[in-house]
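Visitor: Below you'll find input_20.cif; it's mmCIF, C-alpha atoms.
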```
data_target
loop_
_atom_site.label_atom_id
_atom_site.label_comp_id
_atom_site.auth_asym_id
_atom_site.auth_seq_id
_atom_site.Cartn_x
_atom_site.Cartn_y
_atom_site.Cartn_z
CA MET O 1 -8.00 32.98 31.02
CA SER O 2 -11.72 32.78 31.75
CA ARG O 3 -12.87 33.99 35.16
CA ARG O 4 -14.71 30.69 35.58
CA VAL O 5 -11.39 28.89 35.96
CA PRO O 6 -10.55 28.22 39.61
CA ILE O 7 -8.21 30.91 40.95
CA ALA O 8 -5.42 28.35 41.39
CA LEU O 9 -5.32 27.83 37.65
CA ALA O 10 -4.52 31.43 36.81
CA ALA O 11 -2.91 32.79 39.95
CA LEU O 12 0.60 31.48 39.38
CA ALA O 13 0.84 32.86 35.86
CA LEU O 14 -0.81 36.17 36.73
CA LEU O 15 1.46 36.69 39.75
CA GLY O 16 4.48 36.10 37.55
CA ALA O 17 5.77 32.99 39.28
CA GLY O 18 9.13 31.88 37.90
CA ARG O 19 9.36 28.69 35.92
CA PRO O 20 10.94 25.77 37.80
CA GLU O 21 13.71 23.87 36.06
CA GLY O 22 13.15 20.58 34.28
CA LEU O 23 9.52 21.06 33.19
CA GLY O 24 8.12 20.24 29.77
CA ASP O 25 6.00 22.38 27.45
CA ILE O 26 2.81 22.26 25.45
CA VAL O 27 4.00 22.40 21.83
CA SER O 28 0.61 22.86 20.18
CA VAL O 29 -3.14 22.41 20.64
CA ARG O 30 -5.34 21.43 17.69
CA HIS O 31 -8.96 20.38 17.33
CA TRP O 32 -11.25 18.77 14.76
CA SER O 33 -15.06 18.73 14.60
CA TYR O 34 -16.99 15.89 13.00
CA PRO O 35 -20.63 14.70 13.04
CA THR O 36 -20.34 12.34 15.99
CA TYR O 37 -17.30 13.52 17.91
CA SER O 38 -14.85 16.34 18.52
CA ARG O 39 -11.13 15.67 18.88
CA VAL O 40 -8.57 17.75 20.77
CA VAL O 41 -4.89 16.92 20.37
CA ILE O 42 -2.31 18.35 22.76
CA GLU O 43 1.26 17.88 21.64
CA LEU O 44 3.82 17.90 24.44
CA SER O 45 7.58 18.01 24.73
CA ARG O 46 7.57 15.03 27.10
CA PRO O 47 5.43 11.90 27.69
CA ILE O 48 2.49 12.40 30.03
CA SER O 49 0.04 10.06 31.77
CA THR O 50 -3.15 11.59 33.06
CA GLU O 51 -6.70 10.82 34.15
CA VAL O 52 -9.72 12.74 32.93
CA GLN O 53 -12.30 13.85 35.47
CA THR O 54 -15.79 15.21 34.89
CA LEU O 55 -17.77 18.01 36.49
CA PRO O 56 -21.52 18.45 35.89
CA ALA O 57 -23.04 21.72 34.80
CA ASP O 58 -23.95 24.22 37.54
CA PRO O 59 -27.12 26.10 36.51
CA THR O 60 -26.87 28.54 39.41
CA SER O 61 -23.52 29.89 38.23
CA ARG O 62 -24.22 29.15 34.55
CA THR O 63 -21.08 26.99 34.48
CA PRO O 64 -21.11 24.35 31.72
CA ALA O 65 -20.32 20.69 32.19
CA ARG O 66 -16.59 20.11 31.99
CA LEU O 67 -13.87 17.57 31.46
CA PHE O 68 -10.54 18.38 33.05
CA PHE O 69 -7.16 16.75 33.53
CA ASP O 70 -3.74 17.71 34.82
CA LEU O 71 -0.42 17.58 32.98
CA PRO O 72 2.25 16.82 35.59
CA GLY O 73 5.69 18.21 34.86
CA VAL O 74 4.40 20.75 32.33
CA TRP O 75 4.73 24.53 32.41
CA VAL O 76 2.46 26.85 30.40
CA GLY O 77 2.82 30.12 32.30
CA ARG O 78 0.77 32.69 30.41
CA GLN O 79 1.02 30.95 27.04
CA PHE O 80 -2.72 30.19 27.01
CA ASP O 81 -4.19 33.25 28.74
CA GLU O 82 -7.07 33.25 26.24
CA PRO O 83 -9.34 30.18 25.89
CA ILE O 84 -9.32 28.32 22.59
CA ALA O 85 -12.80 28.76 21.12
CA VAL O 86 -14.40 25.71 19.46
CA GLY O 87 -18.20 26.19 19.56
CA ASP O 88 -19.04 23.16 17.41
CA GLY O 89 -22.07 21.93 19.36
CA LEU O 90 -20.05 19.51 21.49
CA LEU O 91 -17.17 21.63 22.78
CA ARG O 92 -17.51 25.28 23.74
CA ARG O 93 -13.84 25.89 24.29
CA VAL O 94 -10.55 24.57 25.67
CA ARG O 95 -8.89 26.34 28.60
CA ILE O 96 -5.32 25.73 29.76
CA GLY O 97 -3.57 27.20 32.77
CA GLN O 98 -0.83 26.65 35.33
CA ASN O 99 -2.48 24.76 38.20
CA THR O 100 0.61 24.37 40.41
CA LEU O 101 4.28 25.19 39.95
CA GLY O 102 4.79 21.68 38.61
CA SER O 103 1.53 20.96 36.83
CA ALA O 104 -0.69 22.47 34.11
CA ARG O 105 -4.44 21.86 33.86
CA VAL O 106 -6.63 21.48 30.78
CA VAL O 107 -10.38 22.18 30.99
CA LEU O 108 -12.85 21.31 28.23
CA ASP O 109 -16.10 23.27 28.53
CA LEU O 110 -18.83 21.09 27.05
CA GLU O 111 -22.01 21.82 25.20
CA ARG O 112 -22.92 18.15 24.85
CA CYS O 113 -21.18 14.89 25.69
CA ASP O 114 -22.33 11.26 25.66
CA GLY O 115 -18.87 9.92 26.45
CA HIS O 116 -15.16 10.56 26.03
CA ARG O 117 -11.90 8.74 25.33
CA VAL O 118 -8.26 9.64 25.97
CA ARG O 119 -5.26 8.14 24.18
CA GLU O 120 -1.58 8.74 24.78
CA LEU O 121 0.71 8.71 21.74
CA ALA O 122 4.48 8.80 21.41
CA ALA O 123 6.93 10.27 18.88
CA PRO O 124 5.86 13.03 19.21
CA ASP O 125 4.23 12.86 22.62
CA ARG O 126 0.53 13.73 22.42
CA LEU O 127 -2.73 13.40 24.27
CA VAL O 128 -5.75 12.74 22.07
CA VAL O 129 -9.10 13.54 23.70
CA ASP O 130 -12.30 12.56 21.88
CA VAL O 131 -15.69 13.85 23.04
CA PHE O 132 -18.58 11.84 21.63
CA ALA O 133 -22.13 12.95 20.88
CA ASP O 134 -24.19 13.12 17.70
CA ARG O 135 -24.87 16.67 16.58
CA ARG O 136 -26.52 15.58 13.34
CA THR O 137 -30.21 16.09 12.50
CA ALA O 138 -32.92 13.47 12.22
CA ARG O 139 -32.08 13.01 8.52
CA SER O 140 -29.02 11.01 9.56
CA HIS O 141 -30.91 8.89 12.09
CA GLY O 142 -30.61 5.74 9.99
CA ARG O 143 -26.89 6.19 9.59
CA ARG O 144 -26.49 6.65 13.35
CA LEU O 145 -28.32 3.41 13.96
CA ALA O 146 -26.12 1.63 11.41
CA ARG O 147 -22.93 2.81 13.13
CA ALA O 148 -24.35 1.64 16.48
CA LEU O 149 -24.97 -1.89 15.26
CA PRO O 150 -22.58 -4.72 16.05
CA MET O 151 -19.80 -4.94 13.45
CA GLU O 152 -21.17 -8.11 11.85
CA LEU O 153 -24.54 -6.43 11.17
CA ARG O 154 -23.24 -3.27 9.51
CA THR O 155 -23.38 -2.74 5.78
CA VAL O 156 -20.24 -1.66 3.96
CA HIS O 157 -20.76 1.37 1.75
CA THR O 158 -18.06 4.03 2.29
CA VAL O 159 -14.39 3.18 1.75
CA VAL O 160 -11.72 5.59 2.95
CA ILE O 161 -8.61 5.40 0.77
CA ASP O 162 -5.45 6.70 2.39
CA ALA O 163 -2.59 7.40 -0.02
CA GLY O 164 0.36 7.11 2.33
CA HIS O 165 2.87 9.92 2.88
CA GLY O 166 2.75 12.97 0.57
CA GLY O 167 3.91 16.57 0.42
CA ALA O 168 7.00 17.13 2.55
CA ASP O 169 7.05 13.41 3.41
CA PRO O 170 8.18 11.39 0.36
CA GLY O 171 8.04 8.07 2.18
CA ALA O 172 10.49 5.44 0.98
CA ILE O 173 12.77 6.38 -1.92
CA GLY O 174 13.90 3.50 -4.08
CA ILE O 175 15.61 2.60 -7.31
CA GLY O 176 15.85 5.45 -9.80
CA GLY O 177 14.45 7.91 -7.26
CA LEU O 178 11.06 6.18 -7.16
CA ARG O 179 9.11 7.83 -4.33
CA GLU O 180 6.54 6.03 -2.24
CA LYS O 181 4.26 9.08 -2.06
CA ASP O 182 3.94 9.14 -5.87
CA VAL O 183 3.16 5.42 -6.14
CA THR O 184 0.49 5.57 -3.43
CA LEU O 185 -1.27 8.59 -4.95
CA VAL O 186 -1.47 7.03 -8.43
CA LEU O 187 -2.71 3.73 -6.97
CA ALA O 188 -5.26 5.53 -4.77
CA LYS O 189 -6.76 7.40 -7.73
CA ILE O 190 -7.08 4.23 -9.77
CA LEU O 191 -8.61 2.39 -6.81
CA ARG O 192 -11.15 5.18 -6.36
CA GLY O 193 -12.40 4.60 -9.89
CA ARG O 194 -12.59 0.83 -9.45
CA LEU O 195 -14.58 1.16 -6.24
CA THR O 196 -16.95 3.78 -7.63
CA ARG O 197 -17.80 1.45 -10.51
CA ARG O 198 -18.71 -1.22 -7.97
CA GLY O 199 -21.13 1.11 -6.19
CA PHE O 200 -18.99 2.16 -3.23
CA ALA O 201 -18.83 5.70 -1.90
CA VAL O 202 -15.18 6.75 -1.67
CA VAL O 203 -13.41 9.26 0.55
CA MET O 204 -9.76 10.13 -0.13
CA THR O 205 -7.52 11.36 2.67
CA ARG O 206 -5.55 13.12 -0.05
CA ASP O 207 -5.99 13.41 -3.81
CA ARG O 208 -2.92 15.56 -4.45
CA ASP O 209 0.65 15.90 -3.23
CA THR O 210 -0.05 17.34 0.20
CA THR O 211 1.31 16.74 3.70
CA LEU O 212 -1.01 15.02 6.19
CA SER O 213 -0.21 13.75 9.67
CA LEU O 214 -1.31 10.25 10.64
CA LEU O 215 -3.70 11.86 13.09
CA ASP O 216 -5.20 14.00 10.32
CA ARG O 217 -5.75 10.91 8.18
CA THR O 218 -7.65 8.91 10.78
CA ALA O 219 -9.63 11.92 11.99
CA LEU O 220 -10.74 12.53 8.42
CA ALA O 221 -11.63 8.84 8.00
CA GLU O 222 -13.80 8.72 11.11
CA GLY O 223 -15.34 12.11 10.42
CA ALA O 224 -16.39 10.97 6.95
CA GLY O 225 -18.34 8.06 8.43
CA GLY O 226 -16.20 5.46 6.69
CA ASP O 227 -17.02 1.77 6.92
CA VAL O 228 -13.62 0.49 5.79
CA PHE O 229 -10.15 2.09 5.87
CA VAL O 230 -7.49 1.14 3.29
CA SER O 231 -4.04 2.71 3.68
CA LEU O 232 -1.79 2.34 0.61
CA HIS O 233 2.01 2.19 0.86
CA ALA O 234 5.13 0.93 -0.91
CA ASN O 235 7.76 -0.93 1.03
CA ALA O 236 11.55 -0.58 1.33
CA ALA O 237 14.23 -2.82 2.80
CA PRO O 238 18.01 -2.76 3.31
CA ARG O 239 18.16 -6.12 1.51
CA PRO O 240 17.46 -5.44 -2.19
CA GLU O 241 16.30 -9.01 -2.84
CA LEU O 242 13.12 -8.54 -0.80
CA GLU O 243 10.04 -8.19 -3.00
CA GLY O 244 6.31 -8.73 -3.04
CA VAL O 245 3.03 -7.53 -1.60
CA GLU O 246 2.35 -7.31 2.13
CA ILE O 247 -1.01 -6.59 3.74
CA TYR O 248 -1.04 -5.62 7.40
CA THR O 249 -3.71 -5.58 10.06
CA LEU O 250 -3.36 -4.18 13.56
CA ASP O 251 -1.65 -6.21 16.26
CA GLU O 252 0.09 -5.19 19.47
CA ASN O 253 2.67 -7.91 18.95
CA ALA O 254 5.22 -7.75 16.15
CA GLN O 255 8.42 -9.39 15.02
CA ARG O 256 11.61 -7.47 14.33
CA GLN O 257 11.04 -6.96 10.59
CA THR O 258 7.47 -5.83 11.21
CA LEU O 259 8.78 -3.31 13.74
CA ARG O 260 11.07 -1.90 11.07
CA VAL O 261 8.18 -1.43 8.66
CA ALA O 262 5.93 0.01 11.37
CA ALA O 263 8.63 2.42 12.48
CA ARG O 264 9.09 3.70 8.93
CA GLU O 265 5.37 4.11 8.27
CA ASN O 266 4.78 5.64 11.72
CA GLY O 267 7.61 8.10 11.12
CA VAL O 268 9.58 7.11 14.24
CA ALA O 269 12.83 5.35 15.05
CA PRO O 270 12.49 1.55 15.50
CA ARG O 271 13.36 1.83 19.21
CA GLU O 272 10.37 4.15 19.65
CA VAL O 273 7.87 1.52 18.52
CA ASP O 274 8.17 -0.24 21.88
CA PRO O 275 6.24 2.51 23.76
CA LEU O 276 3.61 2.24 21.06
CA GLN O 277 3.33 -1.48 21.66
CA ARG O 278 2.92 -0.92 25.40
CA LEU O 279 0.18 1.57 24.65
CA LEU O 280 -1.58 -0.83 22.34
CA ALA O 281 -1.36 -3.58 24.93
CA ARG O 282 -3.39 -1.39 27.28
CA LEU O 283 -6.10 -0.88 24.69
CA ARG O 284 -8.88 -3.36 24.07
CA LEU O 285 -8.61 -4.35 20.43
CA SER O 286 -12.20 -3.98 19.28
CA GLU O 287 -14.34 -6.30 17.20
CA ALA O 288 -13.00 -4.42 14.17
CA SER O 289 -9.79 -6.45 14.50
CA ALA O 290 -11.42 -9.71 13.44
CA ARG O 291 -13.20 -7.94 10.59
CA SER O 292 -9.91 -6.40 9.50
CA GLY O 293 -8.38 -9.86 9.32
CA GLN O 294 -11.23 -11.08 7.11
CA LEU O 295 -10.82 -8.06 4.85
CA ALA O 296 -7.05 -8.54 4.57
CA ASP O 297 -7.45 -12.24 3.71
CA LEU O 298 -9.98 -11.46 0.98
CA VAL O 299 -7.92 -8.66 -0.56
CA TYR O 300 -4.67 -10.63 -0.51
CA GLY O 301 -6.47 -13.69 -1.85
CA GLU O 302 -7.71 -11.71 -4.86
CA ILE O 303 -4.27 -10.21 -5.51
CA ALA O 304 -2.49 -13.57 -5.26
CA SER O 305 -4.96 -15.56 -7.37
CA SER O 306 -5.47 -12.99 -10.13
CA MET O 307 -2.00 -11.42 -10.39
CA GLY O 308 0.29 -14.25 -9.31
CA VAL O 309 0.66 -15.83 -12.75
CA ARG O 310 1.79 -12.63 -14.51
CA TRP O 311 3.65 -11.17 -11.52
CA PRO O 312 4.77 -14.08 -9.27
CA SER O 313 6.38 -11.71 -6.76
CA VAL O 314 2.96 -10.70 -5.44
CA LEU O 315 2.72 -14.12 -3.79
CA GLY O 316 5.00 -13.02 -0.97
CA PRO O 317 5.54 -12.07 1.78
CA GLY O 318 1.73 -11.94 2.19
CA ARG O 319 -0.39 -11.35 5.29
CA LYS O 320 1.18 -9.75 8.37
CA HIS O 321 0.34 -7.87 11.55
CA GLY O 322 1.87 -4.73 13.00
CA PRO O 323 1.44 -1.79 15.41
CA PHE O 324 0.56 0.95 12.91
CA TYR O 325 -0.75 4.28 14.19
CA VAL O 326 -2.87 4.78 11.10
CA LEU O 327 -4.67 1.48 11.77
CA TYR O 328 -5.18 1.61 15.50
CA LEU O 329 -6.55 5.16 15.52
CA SER O 330 -9.40 3.99 13.32
CA ASP O 331 -12.44 2.26 14.81
CA MET O 332 -13.48 0.65 11.51
CA PRO O 333 -12.07 -2.46 9.79
CA ALA O 334 -8.71 -1.30 8.44
CA ILE O 335 -5.83 -2.69 6.41
CA LEU O 336 -2.46 -1.36 5.26
CA VAL O 337 -1.35 -2.49 1.79
CA GLU O 338 2.35 -2.47 0.86
CA ALA O 339 2.09 -2.75 -2.94
CA GLY O 340 5.72 -3.73 -3.50
CA PHE O 341 9.32 -2.84 -2.62
CA VAL O 342 10.71 0.32 -4.19
CA THR O 343 14.17 -1.06 -3.32
CA HIS O 344 13.75 -4.22 -5.43
CA PRO O 345 14.60 -3.86 -9.16
CA GLY O 346 11.61 -5.86 -10.35
CA ASP O 347 9.10 -4.37 -7.93
CA ALA O 348 10.33 -0.84 -8.66
CA ARG O 349 9.80 -1.45 -12.37
CA ARG O 350 6.32 -2.84 -11.72
CA LEU O 351 5.35 0.04 -9.44
CA ARG O 352 6.00 2.37 -12.38
CA ASP O 353 3.92 0.18 -14.73
CA PRO O 354 0.31 1.40 -15.23
CA ALA O 355 -0.80 -2.16 -16.03
CA TYR O 356 0.50 -3.41 -12.69
CA LEU O 357 -1.13 -0.59 -10.72
CA ASP O 358 -4.40 -1.08 -12.65
CA ALA O 359 -4.40 -4.78 -11.80
CA MET O 360 -3.50 -4.09 -8.17
CA ALA O 361 -6.32 -1.56 -7.79
CA ASP O 362 -8.80 -3.89 -9.47
CA GLN O 363 -8.00 -6.78 -7.16
CA ILE O 364 -8.09 -4.62 -4.02
CA ALA O 365 -11.52 -3.42 -5.16
CA GLU O 366 -12.65 -6.99 -5.83
CA GLY O 367 -11.55 -8.02 -2.35
CA LEU O 368 -13.54 -5.13 -0.89
CA ALA O 369 -16.58 -6.16 -2.94
CA ARG O 370 -16.36 -9.69 -1.58
CA PHE O 371 -16.01 -8.29 1.94
CA ARG O 372 -19.13 -6.16 1.38
CA ALA O 373 -21.05 -9.21 0.15
CA ARG O 374 -20.11 -11.16 3.28
CA SER O 375 -21.00 -8.18 5.47
CA ARG O 376 -24.58 -7.84 4.29
CA PRO O 377 -26.94 -8.66 7.18
CA VAL O 378 -28.95 -11.82 6.73
CA VAL O 379 -32.66 -11.16 7.24
CA ALA O 380 -34.71 -14.20 8.14
CA GLU O 381 -37.84 -14.76 6.05
CA ARG O 382 -41.15 -15.02 7.87
CA THR O 383 -43.20 -18.10 7.23
CA PRO O 384 -46.98 -17.97 7.34
#
```
Translate the structure of the given file into structure tokens.

Guide:
Amino acid sequence: MSRRVPIALAALALLGAGRPEGLGDIVSVRHWSYPTYSRVVIELSRPISTEVQTLPADPTSRTPARLFFDLPGVWVGRQFDEPIAVGDGLLRRVRIGQNTLGSARVVLDLERCDGHRVRELAAPDRLVVDVFADRRTARSHGRRLARALPMELRTVHTVVIDAGHGGADPGAIGIGGLREKDVTLVLAKILRGRLTRRGFAVVMTRDRDTTLSLLDRTALAEGAGGDVFVSLHANAAPRPELEGVEIYTLDENAQRQTLRVAARENGVAPREVDPLQRLLARLRLSEASARSGQLADLVYGEIASSMGVRWPSVLGPGRKHGPFYVLYLSDMPAILVEAGFVTHPGDARRLRDPAYLDAMADQIAEGLARFRARSRPVVAERTP
């Protein structure tokens, strides 16, 4: 532990104080570095609520500016004696120590910070701390200005395609062993080609059978400077007669069936979606929500009008809302596409059919192209 940490932070662990009963643990600490922010994720064995405080730099003692917050009911002992080095231009390091017998403290030593944000996630319990500042050079000045514009004035150029599940997570498994992770990867690769032909830049969260957490997916999307986020999935239901395409946008309110889908895609039990909804209710849904709705309507409209004659099942269930982690962690317009039900005989057959996936990718791309056309800023002409 750094000597700059207040003595109270290190004294208990160094003096060998015994661990009180009933305290939780820090399971892991991870961090990501991207052009405009750094993210630190602290996974815990119990839910935590905390408040971040700031301390300015002290030139006399050469102490950097800091963010710090306490984790009540958590024991770290000497688990984090050494600071976690970051050194990415925003964060110098992360320091963790036992502040009191019943509370741990986390200190973020800053190199630069224009603002910060903290989010609390459940299942598993995590704290997500984002530190914002732009470490990029003047060459990216125009892009910075574009991202600072109001949503309705931004151009749409980069699409992030998220092939749901993957690796150790097969997603839903349907008729004949059809796996959701395989369907989404094939569809994502076809969609990439369709978007590239239309002049979009494309970023894939995965282009092979690899395991990615939901947090990894959204961190990658934001770090890539995406303008739109499209998460691809295939649905499943206990009732085999359910079929069709569903397109979701973020909403803190959800009906029972939506909760079932959200729970499966979030990787939690349905009863654990309720804490997520309470969390979402505390967040201000940004202007991206309205833009997401426009995008979802355009994409579903293209799918229904162009594919509905050959494959009538795509006409339902249609547009929905739900509390999906992968959507709410993104600050850009975002949709989640359920391309069909792997548990329905007809849909499962179609999801194996290259012609169906080609048509689906083409219509998603066409919806995105229409969204881009509507998103182009209107510049007024000057009259003499």

Visitor: Just the number, please: distance in Å from atom CA of Gly115 of chain O to atom CA of Thr50 of chain O, one decimal.

Guide: 17.1 Å

Visitor: Using all atoms listed in the file, which protein or nucleic acid residues come within 6 Å of Val107 of chain O? Drop anything in the same chain fewer than 4 positions from it, and give the result as an mmCIF file with C-alpha atoms, keeping the file's coordinate frame.

Guide:
```cif
data_model
loop_
_atom_site.group_PDB
_atom_site.id
_atom_site.type_symbol
_atom_site.label_atom_id
_atom_site.label_comp_id
_atom_site.auth_asym_id
_atom_site.auth_seq_id
_atom_site.Cartn_x
_atom_site.Cartn_y
_atom_site.Cartn_z
ATOM 1 C CA LEU O 67 -13.870 17.570 31.460
ATOM 2 C CA PHE O 68 -10.540 18.380 33.050
ATOM 3 C CA VAL O 94 -10.550 24.570 25.670
ATOM 4 C CA ARG O 95 -8.890 26.340 28.600
#
```

Visitor: Could you check which of O:Met204, O:Leu90, O:Ala65, O:Val40 is closest to Val118 of chain O, using all atoms listed in the file?

Guide: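 Among the listed residues, O:Val40 lies closest to Val118 of chain O.
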
Visitor: Determine the nearest neighbour of Leu250 of chain O from the options O:Leu195, O:Ala221, O:Leu185, O:Ile335, counting all atoms listed in the file.

Guide: O:Ile335

Visitor: Check the smallest atom-to-atom distance from each of O:Val29, O:Ala234, O:Val309, O:Val129 to Pro83 of chain O using only C-alpha atoms, then report the winner.

Guide: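 Answer, going by the shortest atom-to-atom distance: O:Val29.
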
Visitor: Just say which residues the PyMOL selection byres ((chain O and resi 239) around 12) picks in this file, as a list in words.

Guide: Gly174, Asn235, Ala236, Ala237, Pro238, Pro240, Glu241, Leu242, Glu243, Gln257, Phe341, Val342, Thr343, His344 and Pro345 of chain O

Visitor: Take atom CA of Gly176 of chain O and atom CA of Glu338 of chain O and report the distance between them in Å, one decimal.

Guide: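 So the answer is 18.9 Å.
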
Visitor: Can you list, as a JSON list (two decimals) with C-alpha atoms, keeping the file's coordinate frame, the residues that the PyMOL selection byres ((chain O and resi 86) around 10) selects here?

Guide:
```json
[["chain", "number", "residue", "atom", "x", "y", "z"],
["O", 31, "HIS", "CA", -8.96, 20.38, 17.33],
["O", 32, "TRP", "CA", -11.25, 18.77, 14.76],
["O", 33, "SER", "CA", -15.06, 18.73, 14.60],
["O", 38, "SER", "CA", -14.85, 16.34, 18.52],
["O", 40, "VAL", "CA", -8.57, 17.75, 20.77],
["O", 83, "PRO", "CA", -9.34, 30.18, 25.89],
["O", 84, "ILE", "CA", -9.32, 28.32, 22.59],
["O", 85, "ALA", "CA", -12.80, 28.76, 21.12],
["O", 87, "GLY", "CA", -18.20, 26.19, 19.56],
["O", 88, "ASP", "CA", -19.04, 23.16, 17.41],
["O", 89, "GLY", "CA", -22.07, 21.93, 19.36],
["O", 90, "LEU", "CA", -20.05, 19.51, 21.49],
["O", 91, "LEU", "CA", -17.17, 21.63, 22.78],
["O", 92, "ARG", "CA", -17.51, 25.28, 23.74],
["O", 93, "ARG", "CA", -13.84, 25.89, 24.29],
["O", 94, "VAL", "CA", -10.55, 24.57, 25.67],
["O", 108, "LEU", "CA", -12.85, 21.31, 28.23],
["O", 109, "ASP", "CA", -16.10, 23.27, 28.53],
["O", 110, "LEU", "CA", -18.83, 21.09, 27.05]]
```

Visitor: Would you kindly return, as JSON, numbers by chain, each protein, DNA or RNA residue with an atom no farther than 10 Å from any atom of Val41 of chain O, considering only C-alpha atoms and excluding same-chain residues fewer than 2 positions away?

Guide: {"O": [28, 29, 30, 31, 32, 39, 43, 44, 118, 119, 120, 126, 127, 128, 129, 130, 215]}

Visitor: Would you export the selected residues with C-alpha atoms as a PDB file, in the coordinates of the input, please?

Guide:
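Output (out.pdb):
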```
ATOM      1  CA  SER O  28       0.610  22.860  20.180  1.00  0.00           C
ATOM      2  CA  VAL O  29      -3.140  22.410  20.640  1.00  0.00           C
ATOM      3  CA  ARG O  30      -5.340  21.430  17.690  1.00  0.00           C
ATOM      4  CA  HIS O  31      -8.960  20.380  17.330  1.00  0.00           C
ATOM      5  CA  TRP O  32     -11.250  18.770  14.760  1.00  0.00           C
ATOM      6  CA  ARG O  39     -11.130  15.670  18.880  1.00  0.00           C
ATOM      7  CA  GLU O  43       1.260  17.880  21.640  1.00  0.00           C
ATOM      8  CA  LEU O  44       3.820  17.900  24.440  1.00  0.00           C
ATOM      9  CA  VAL O 118      -8.260   9.640  25.970  1.00  0.00           C
ATOM     10  CA  ARG O 119      -5.260   8.140  24.180  1.00  0.00           C
ATOM     11  CA  GLU O 120      -1.580   8.740  24.780  1.00  0.00           C
ATOM     12  CA  ARG O 126       0.530  13.730  22.420  1.00  0.00           C
ATOM     13  CA  LEU O 127      -2.730  13.400  24.270  1.00  0.00           C
ATOM     14  CA  VAL O 128      -5.750  12.740  22.070  1.00  0.00           C
ATOM     15  CA  VAL O 129      -9.100  13.540  23.700  1.00  0.00           C
ATOM     16  CA  ASP O 130     -12.300  12.560  21.880  1.00  0.00           C
ATOM     17  CA  LEU O 215      -3.700  11.860  13.090  1.00  0.00           C
TER      18      LEU O 215
END
```

Visitor: List, as a list in words, every residue that the PyMOL selection byres ((chain O and resi 361-377) around 6) selects in the file provided.

Guide: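 That selection, the PyMOL selection byres ((chain O and resi 361-377) around 6), comes back as Leu153, Thr155, Val156, Leu191, Leu195, Leu295, Leu298, Val299, Glu302, Ile303, Asp358, Ala359, Met360 and Val378 of chain O.
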
Visitor: To one decimal in Å, tell me the separation between atom CA of Arg117 of chain O and atom CA of Asp216 of chain O.

Guide: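 The value is 17.3 Å.
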
Visitor: Could you tell me which of O:Asp209, O:Asp169, O:Glu246, O:Asp347 comes closest to Lys320 of chain O if we count only C-alpha atoms?

Guide: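 Closest to Lys320 of chain O, using only C-alpha atoms: O:Glu246.
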
Visitor: Taking 4 positions as the minimum chain separation for residues in the same chain, which residues sit within 10 Å of Asp162 of chain O when counting only C-alpha atoms? Answer as a ChimeraX atom specification.

Guide: /O:184-185,188,203-207,214,217-218,220-221,229-233,326,336

Visitor: With distances taken over only C-alpha atoms, which of O:Gly226, O:Gly346, O:Gly167, O:Pro64 is nearest to Arg208 of chain O?

Guide: O:Gly167

Visitor: Near Arg310 of chain O, within 12 Å and counting all atoms listed in the file, which residues show up once chain neighbours fewer than 2 positions away are dropped, as an mmCIF file with C-alpha atoms, in the frame of the given file?

Guide:
```
data_model
loop_
_atom_site.group_PDB
_atom_site.id
_atom_site.type_symbol
_atom_site.label_atom_id
_atom_site.label_comp_id
_atom_site.auth_asym_id
_atom_site.auth_seq_id
_atom_site.Cartn_x
_atom_site.Cartn_y
_atom_site.Cartn_z
ATOM 1 C CA ILE O 303 -4.270 -10.210 -5.510
ATOM 2 C CA ALA O 304 -2.490 -13.570 -5.260
ATOM 3 C CA SER O 305 -4.960 -15.560 -7.370
ATOM 4 C CA SER O 306 -5.470 -12.990 -10.130
ATOM 5 C CA MET O 307 -2.000 -11.420 -10.390
ATOM 6 C CA GLY O 308 0.290 -14.250 -9.310
ATOM 7 C CA PRO O 312 4.770 -14.080 -9.270
ATOM 8 C CA SER O 313 6.380 -11.710 -6.760
ATOM 9 C CA VAL O 314 2.960 -10.700 -5.440
ATOM 10 C CA LEU O 315 2.720 -14.120 -3.790
ATOM 11 C CA ARG O 350 6.320 -2.840 -11.720
ATOM 12 C CA ALA O 355 -0.800 -2.160 -16.030
ATOM 13 C CA TYR O 356 0.500 -3.410 -12.690
ATOM 14 C CA ALA O 359 -4.400 -4.780 -11.800
ATOM 15 C CA MET O 360 -3.500 -4.090 -8.170
#
```

Visitor: Dump as a list in words all residues having an atom at most 8 Å from (-7.1, 24.4, 33.4), computed in the file's coordinates with only C-alpha atoms.

Guide: Val5, Leu9, Phe68, Phe69, Asp70, Arg95, Ile96, Gly97, Gln98, Asn99, Ala104, Arg105, Val106 and Val107 of chain O

Visitor: Taking N, CA and C atoms as the atom set, what does segment 75-79 of chain O look like once completed, written as a compact mmCIF listing (two decimals), keeping the file's coordinate frame?

Guide:
```txt
# COMPACT_ATOMS: atom_id res chain seq x y z
N TRP O 75 4.85 23.11 32.11
CA TRP O 75 4.73 24.53 32.41
C TRP O 75 4.10 25.25 31.21
N VAL O 76 3.06 26.04 31.47
CA VAL O 76 2.46 26.85 30.40
C VAL O 76 2.56 28.33 30.68
N GLY O 77 2.75 28.70 31.98
CA GLY O 77 2.82 30.12 32.30
C GLY O 77 1.62 30.87 31.77
N ARG O 78 1.86 31.91 30.98
CA ARG O 78 0.77 32.69 30.41
C ARG O 78 0.59 32.42 28.92
N GLN O 79 1.10 31.28 28.46
CA GLN O 79 1.02 30.95 27.04
C GLN O 79 -0.42 30.85 26.55
```
